[in-house]
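One structure is given here, and the rest of the page talks about it.
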Amino acid sequence: MTWAPAFLSNPERFMAFSRWAAPMFGVIAALLGLAGLWFGFTAPDDYQQGATVRIMFIHVPASWLAMFAYACLAGASFLALVFRHALADAAAQAAAPLGAGFTFLALVTGSLWGRPMWGTWWVWDARLTSVLVLFLFYLAYMALRASLDDEVKGARAGAILALVGAVNLPIVVWSVEWWNSLHQGSSLFAKGGPAMPPVYLTPLFLMGLAYTAAFGSLWLVRIRGEVWRRRAEAAMARAARS
């Protein structure tokens with residue numbers, strides 16, 4: 001048995017870890033976010049994009065976390081489906097609203113950035129459309145779980161849907177390279193190193209770390225809440241039978 005399934009099969013161990021890890025990640029996220037915003041909003045205007053370049057520090061990390069959160073959702077769903085770990089299912093259920101929030105933020109800020117750059121709020125190109133599909137998979141997962149009264153059946157159906165949706169992740173990542181797109185390619189992971197000056201790279205890196213730490217903190221808090229909810233429901237069911 002690998003470490004991850006063993007860890008996710010022991011709720012007490014997880015609860016002990018998350019009790020101190022969640023606030024720690026929250027503090028890290030706040031400190032990194034403040035530093036990232038300060039460096040971002042004191043950076044000079046871009047020679048082409050002007051002041052709108054600062055949307056990048058909100059939009060790009062949101063896009064990263066939209067995909068990372070779905071990878072977490074799919075990974076936890078796989079563990080729940082294969083190893084039948086209730087904590088893994090709780091982790092998947094807790095990740096979905098967070099991922100949907102990051103994806104919505106990415107879509108809104110991308111639209112705000114695209115209007116002055118492209119002259120339109122939206123284009124149906126591969127990158128934007130695949131991110132919209134990602135958002136719809138999040139919504140579909142949450143709707144499917146909410147529509148089924150049987151939690152076991154809902155967990156199984158949701159896990160299958162989450163794994164199907166994972167096929168969209170490489171499409172989001174490589175869509176700019178595979179098809180023609182108004183969306184620019186990666187400036188951070190370009191061949192030969194980052195294709196942006198340090199004055200923009202530093203706040204982008206800090207904000208990416210801040211978003212990741214914030215997701216980690218919120219995810220742990222939501223999993224803890226889900227564990228307590230399930231424990232309360234189990235206790236009520238035992239009391240009703242006695």
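In the structure tokens, each chain is lettered A, B, ... as it comes, each chain's residues begin at 1, and ligands are numbered from 1 in order of appearance.
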Stretch 57-216 of chain A: residues DSSP assigns to alpha helix (DSSP H), reported as a VMD selection string: chain A and resid 57 to 83 86 to 118 126 to 147 151 to 165 168 to 178 198 to 216
Do you have, as a tab-separated table, the list of residues of stretch 87-191 of chain A lying at most 7 Å from stretch 54-62 of chain A, each with its nearest atom pair and that distance in Å to one decimal, counting only C-alpha atoms and ordered by chain then number?
```
residue	atom	partner	partner_atom	distance
A:Phe102	CA	A:Ala62	CA	5.2
A:Thr103	CA	A:Ala62	CA	6.6
A:Leu105	CA	A:Ala62	CA	6.3
A:Ala106	CA	A:Ala62	CA	5.1
A:Thr109	CA	A:His59	CA	5.4
A:Gly110	CA	A:His59	CA	6.2
A:Trp113	CA	A:Ile55	CA	6.4
```
Those same residues - all heavy atoms - I'd like them written as a short mmCIF file (atom, residue, chain, number, x, y, z; two decimals), in the first residue's frame.
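That gives us again36.cif:
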```
data_model
loop_
_atom_site.label_atom_id
_atom_site.label_comp_id
_atom_site.auth_asym_id
_atom_site.auth_seq_id
_atom_site.Cartn_x
_atom_site.Cartn_y
_atom_site.Cartn_z
N PHE A 102 -11.56 29.16 -8.62
CA PHE A 102 -10.35 29.58 -9.33
C PHE A 102 -10.59 29.65 -10.84
O PHE A 102 -10.09 30.56 -11.51
CB PHE A 102 -9.19 28.62 -9.03
CG PHE A 102 -8.55 28.82 -7.69
CD1 PHE A 102 -8.61 27.82 -6.72
CD2 PHE A 102 -7.89 30.00 -7.38
CE1 PHE A 102 -8.02 28.00 -5.48
CE2 PHE A 102 -7.30 30.19 -6.14
CZ PHE A 102 -7.37 29.19 -5.18
N THR A 103 -11.33 28.69 -11.37
CA THR A 103 -11.61 28.68 -12.81
C THR A 103 -12.47 29.87 -13.20
O THR A 103 -12.24 30.51 -14.24
CB THR A 103 -12.29 27.37 -13.22
OG1 THR A 103 -11.56 26.26 -12.70
CG2 THR A 103 -12.35 27.26 -14.74
N LEU A 105 -12.59 32.74 -11.64
CA LEU A 105 -11.71 33.90 -11.56
C LEU A 105 -10.83 34.00 -12.79
O LEU A 105 -10.61 35.10 -13.33
CB LEU A 105 -10.86 33.83 -10.29
CG LEU A 105 -9.88 34.98 -10.05
CD1 LEU A 105 -10.61 36.31 -9.94
CD2 LEU A 105 -9.04 34.71 -8.80
N ALA A 106 -10.32 32.86 -13.26
CA ALA A 106 -9.48 32.87 -14.46
C ALA A 106 -10.27 33.33 -15.68
O ALA A 106 -9.76 34.10 -16.51
CB ALA A 106 -8.90 31.47 -14.70
N THR A 109 -11.09 37.31 -15.20
CA THR A 109 -9.90 38.15 -15.38
C THR A 109 -9.34 38.01 -16.79
O THR A 109 -8.81 38.98 -17.35
CB THR A 109 -8.83 37.81 -14.35
OG1 THR A 109 -8.54 36.40 -14.39
CG2 THR A 109 -9.28 38.19 -12.96
N GLY A 110 -9.46 36.83 -17.38
CA GLY A 110 -9.03 36.67 -18.77
C GLY A 110 -9.86 37.51 -19.71
O GLY A 110 -9.34 38.10 -20.67
N TRP A 113 -8.80 41.09 -19.34
CA TRP A 113 -7.51 41.29 -19.98
C TRP A 113 -7.64 41.26 -21.50
O TRP A 113 -6.98 41.99 -22.23
CB TRP A 113 -6.55 40.21 -19.50
CG TRP A 113 -5.09 40.50 -19.72
CD1 TRP A 113 -4.52 41.65 -20.20
CD2 TRP A 113 -4.01 39.62 -19.45
NE1 TRP A 113 -3.16 41.54 -20.25
CE2 TRP A 113 -2.82 40.29 -19.78
CE3 TRP A 113 -3.93 38.33 -18.95
CZ2 TRP A 113 -1.56 39.71 -19.64
CZ3 TRP A 113 -2.68 37.74 -18.80
CH2 TRP A 113 -1.51 38.42 -19.14
#
```
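Distances from A:Phe135, A:Tyr141, A:Phe39, A:Trp118 to A:Ala94 were compared using only C-alpha atoms, and the smallest one belongs to A:Tyr141.
The spacing separating atom CA of A:Pro44 from atom CA of A:Arg127 amounts to 27.9 Å.
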Closest atom pairs, residues of stretch 81-107 of chain A within 12 Å of stretch 156-161 of chain A, only C-alpha atoms, as a Markdown table:
```
| residue | atom | partner | partner_atom | distance |
| --- | --- | --- | --- | --- |
| A:Leu81 | CA | A:Arg156 | CA | 6.4 |
| A:Val82 | CA | A:Ala159 | CA | 9.9 |
| A:Phe83 | CA | A:Arg156 | CA | 11.8 |
| A:Arg84 | CA | A:Arg156 | CA | 9.5 |
| A:His85 | CA | A:Arg156 | CA | 11.5 |
| A:Ala86 | CA | A:Arg156 | CA | 11.1 |
| A:Ala88 | CA | A:Ala159 | CA | 10.3 |
| A:Asp89 | CA | A:Ala159 | CA | 8.1 |
| A:Ala90 | CA | A:Ala159 | CA | 11.1 |
| A:Ala91 | CA | A:Ala159 | CA | 11.3 |
| A:Ala92 | CA | A:Ala159 | CA | 8.1 |
| A:Gln93 | CA | A:Gly158 | CA | 8.6 |
| A:Ala96 | CA | A:Gly158 | CA | 10.4 |
```
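Distance check against A:Leu34 using only C-alpha atoms: of A:Ala210, A:Ala235, A:Ala16, A:Leu87, the minimum falls on A:Ala210.
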Find the residues near A:Leu134: any atom within 9 Å, counting only C-alpha atoms, skip ones fewer than 4 places away on the same chain, and give them as a PDB file with all heavy atoms, in the first residue's frame.
```pdb
ATOM      1  N   ALA A  66      -6.689  26.537 -11.306  1.00  0.00           N
ATOM      2  CA  ALA A  66      -7.862  25.878 -11.884  1.00  0.00           C
ATOM      3  C   ALA A  66      -7.508  24.472 -12.342  1.00  0.00           C
ATOM      4  O   ALA A  66      -8.257  23.515 -12.101  1.00  0.00           O
ATOM      5  CB  ALA A  66      -8.397  26.705 -13.058  1.00  0.00           C
ATOM      6  N   MET A  67      -6.346  24.337 -12.976  1.00  0.00           N
ATOM      7  CA  MET A  67      -5.909  23.024 -13.448  1.00  0.00           C
ATOM      8  C   MET A  67      -5.378  22.163 -12.311  1.00  0.00           C
ATOM      9  O   MET A  67      -5.642  20.958 -12.243  1.00  0.00           O
ATOM     10  CB  MET A  67      -4.857  23.193 -14.544  1.00  0.00           C
ATOM     11  CG  MET A  67      -5.401  23.806 -15.821  1.00  0.00           C
ATOM     12  SD  MET A  67      -4.156  23.938 -17.138  1.00  0.00           S
ATOM     13  CE  MET A  67      -3.137  25.287 -16.517  1.00  0.00           C
ATOM     14  N   TYR A  70      -8.162  20.710 -10.277  1.00  0.00           N
ATOM     15  CA  TYR A  70      -8.845  19.600 -10.936  1.00  0.00           C
ATOM     16  C   TYR A  70      -7.979  18.345 -10.896  1.00  0.00           C
ATOM     17  O   TYR A  70      -8.508  17.234 -10.760  1.00  0.00           O
ATOM     18  CB  TYR A  70      -9.214  19.936 -12.380  1.00  0.00           C
ATOM     19  CG  TYR A  70     -10.280  19.002 -12.902  1.00  0.00           C
ATOM     20  CD1 TYR A  70     -11.626  19.344 -12.781  1.00  0.00           C
ATOM     21  CD2 TYR A  70      -9.962  17.758 -13.425  1.00  0.00           C
ATOM     22  CE1 TYR A  70     -12.623  18.464 -13.195  1.00  0.00           C
ATOM     23  CE2 TYR A  70     -10.941  16.877 -13.838  1.00  0.00           C
ATOM     24  CZ  TYR A  70     -12.273  17.233 -13.727  1.00  0.00           C
ATOM     25  OH  TYR A  70     -13.263  16.354 -14.120  1.00  0.00           O
ATOM     26  N   ALA A 100     -13.655  25.311  -8.900  1.00  0.00           N
ATOM     27  CA  ALA A 100     -14.618  26.089  -9.676  1.00  0.00           C
ATOM     28  C   ALA A 100     -14.412  27.579  -9.457  1.00  0.00           C
ATOM     29  O   ALA A 100     -14.516  28.379 -10.396  1.00  0.00           O
ATOM     30  CB  ALA A 100     -16.044  25.690  -9.301  1.00  0.00           C
ATOM     31  N   THR A 103     -11.334  28.687 -11.369  1.00  0.00           N
ATOM     32  CA  THR A 103     -11.606  28.684 -12.806  1.00  0.00           C
ATOM     33  C   THR A 103     -12.474  29.875 -13.198  1.00  0.00           C
ATOM     34  O   THR A 103     -12.242  30.513 -14.236  1.00  0.00           O
ATOM     35  CB  THR A 103     -12.290  27.367 -13.219  1.00  0.00           C
ATOM     36  OG1 THR A 103     -11.558  26.263 -12.704  1.00  0.00           O
ATOM     37  CG2 THR A 103     -12.354  27.257 -14.743  1.00  0.00           C
ATOM     38  N   THR A 129     -12.050  28.067 -24.714  1.00  0.00           N
ATOM     39  CA  THR A 129     -13.133  27.091 -24.721  1.00  0.00           C
ATOM     40  C   THR A 129     -12.828  25.910 -23.809  1.00  0.00           C
ATOM     41  O   THR A 129     -13.703  25.435 -23.067  1.00  0.00           O
ATOM     42  CB  THR A 129     -13.399  26.590 -26.149  1.00  0.00           C
ATOM     43  OG1 THR A 129     -13.687  27.710 -27.005  1.00  0.00           O
ATOM     44  CG2 THR A 129     -14.556  25.618 -26.180  1.00  0.00           C
ATOM     45  N   SER A 130     -11.578  25.423 -23.820  1.00  0.00           N
ATOM     46  CA  SER A 130     -11.215  24.287 -22.971  1.00  0.00           C
ATOM     47  C   SER A 130     -11.252  24.658 -21.493  1.00  0.00           C
ATOM     48  O   SER A 130     -11.603  23.824 -20.648  1.00  0.00           O
ATOM     49  CB  SER A 130      -9.831  23.750 -23.351  1.00  0.00           C
ATOM     50  OG  SER A 130      -8.838  24.748 -23.249  1.00  0.00           O
ATOM     51  N   TYR A 138     -16.443  21.072 -13.404  1.00  0.00           N
ATOM     52  CA  TYR A 138     -16.578  21.341 -11.964  1.00  0.00           C
ATOM     53  C   TYR A 138     -18.048  21.440 -11.566  1.00  0.00           C
ATOM     54  O   TYR A 138     -18.484  20.834 -10.574  1.00  0.00           O
ATOM     55  CB  TYR A 138     -15.870  22.649 -11.606  1.00  0.00           C
ATOM     56  CG  TYR A 138     -14.388  22.549 -11.375  1.00  0.00           C
ATOM     57  CD1 TYR A 138     -13.491  23.315 -12.128  1.00  0.00           C
ATOM     58  CD2 TYR A 138     -13.868  21.736 -10.373  1.00  0.00           C
ATOM     59  CE1 TYR A 138     -12.127  23.251 -11.895  1.00  0.00           C
ATOM     60  CE2 TYR A 138     -12.502  21.668 -10.145  1.00  0.00           C
ATOM     61  CZ  TYR A 138     -11.633  22.431 -10.905  1.00  0.00           C
ATOM     62  OH  TYR A 138     -10.285  22.370 -10.674  1.00  0.00           O
ATOM     63  N   LEU A 139     -18.806  22.241 -12.319  1.00  0.00           N
ATOM     64  CA  LEU A 139     -20.228  22.411 -12.002  1.00  0.00           C
ATOM     65  C   LEU A 139     -20.990  21.090 -12.118  1.00  0.00           C
ATOM     66  O   LEU A 139     -21.857  20.788 -11.285  1.00  0.00           O
ATOM     67  CB  LEU A 139     -20.844  23.454 -12.930  1.00  0.00           C
ATOM     68  CG  LEU A 139     -20.303  24.884 -12.831  1.00  0.00           C
ATOM     69  CD1 LEU A 139     -21.091  25.803 -13.763  1.00  0.00           C
ATOM     70  CD2 LEU A 139     -20.361  25.401 -11.405  1.00  0.00           C
ATOM     71  N   GLY A 165     -13.381  13.912 -16.926  1.00  0.00           N
ATOM     72  CA  GLY A 165     -13.022  15.302 -17.151  1.00  0.00           C
ATOM     73  C   GLY A 165     -11.534  15.554 -17.159  1.00  0.00           C
ATOM     74  O   GLY A 165     -11.074  16.554 -17.722  1.00  0.00           O
ATOM     75  N   ALA A 166     -10.757  14.652 -16.541  1.00  0.00           N
ATOM     76  CA  ALA A 166      -9.306  14.833 -16.517  1.00  0.00           C
ATOM     77  C   ALA A 166      -8.699  14.793 -17.913  1.00  0.00           C
ATOM     78  O   ALA A 166      -7.589  15.311 -18.127  1.00  0.00           O
ATOM     79  CB  ALA A 166      -8.665  13.765 -15.638  1.00  0.00           C
ATOM     80  N   ASN A 168      -9.552  16.532 -20.229  1.00  0.00           N
ATOM     81  CA  ASN A 168      -9.515  17.917 -20.703  1.00  0.00           C
ATOM     82  C   ASN A 168      -8.255  18.664 -20.252  1.00  0.00           C
ATOM     83  O   ASN A 168      -7.891  19.680 -20.850  1.00  0.00           O
ATOM     84  CB  ASN A 168     -10.757  18.663 -20.200  1.00  0.00           C
ATOM     85  CG  ASN A 168     -10.893  20.056 -20.780  1.00  0.00           C
ATOM     86  OD1 ASN A 168     -10.781  20.262 -21.986  1.00  0.00           O
ATOM     87  ND2 ASN A 168     -11.116  21.035 -19.921  1.00  0.00           N
ATOM     88  N   LEU A 169      -7.580  18.191 -19.205  1.00  0.00           N
ATOM     89  CA  LEU A 169      -6.425  18.917 -18.674  1.00  0.00           C
ATOM     90  C   LEU A 169      -5.295  19.073 -19.691  1.00  0.00           C
ATOM     91  O   LEU A 169      -4.798  20.195 -19.878  1.00  0.00           O
ATOM     92  CB  LEU A 169      -5.913  18.241 -17.399  1.00  0.00           C
ATOM     93  CG  LEU A 169      -6.787  18.402 -16.152  1.00  0.00           C
ATOM     94  CD1 LEU A 169      -6.156  17.688 -14.966  1.00  0.00           C
ATOM     95  CD2 LEU A 169      -6.991  19.878 -15.827  1.00  0.00           C
ATOM     96  N   VAL A 172      -6.228  21.724 -22.207  1.00  0.00           N
ATOM     97  CA  VAL A 172      -6.044  23.090 -21.725  1.00  0.00           C
ATOM     98  C   VAL A 172      -4.577  23.490 -21.823  1.00  0.00           C
ATOM     99  O   VAL A 172      -4.238  24.581 -22.293  1.00  0.00           O
ATOM    100  CB  VAL A 172      -6.533  23.229 -20.266  1.00  0.00           C
ATOM    101  CG1 VAL A 172      -6.224  24.625 -19.731  1.00  0.00           C
ATOM    102  CG2 VAL A 172      -8.021  22.945 -20.165  1.00  0.00           C
TER     103      VAL A 172
END
```
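Closest to A:Asn10 among A:Val227, A:Ala239, A:Leu107, A:Gly36 is A:Val227, based on only C-alpha atoms.
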Interatomic distance, atom CA of A:Ile28 to atom CA of A:Phe205 (Å, one decimal): 13.9 Å
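Proximity of A:Leu98, A:Leu79, A:Val133, A:Leu201 to A:Gly216, computed with only C-alpha atoms, is greatest for A:Leu98.
Each of A:Trp38, A:Ala43, A:Phe25, A:Ser63 was checked against A:Gly208 using only C-alpha atoms; the smallest atom-to-atom distance is that of A:Ser63.
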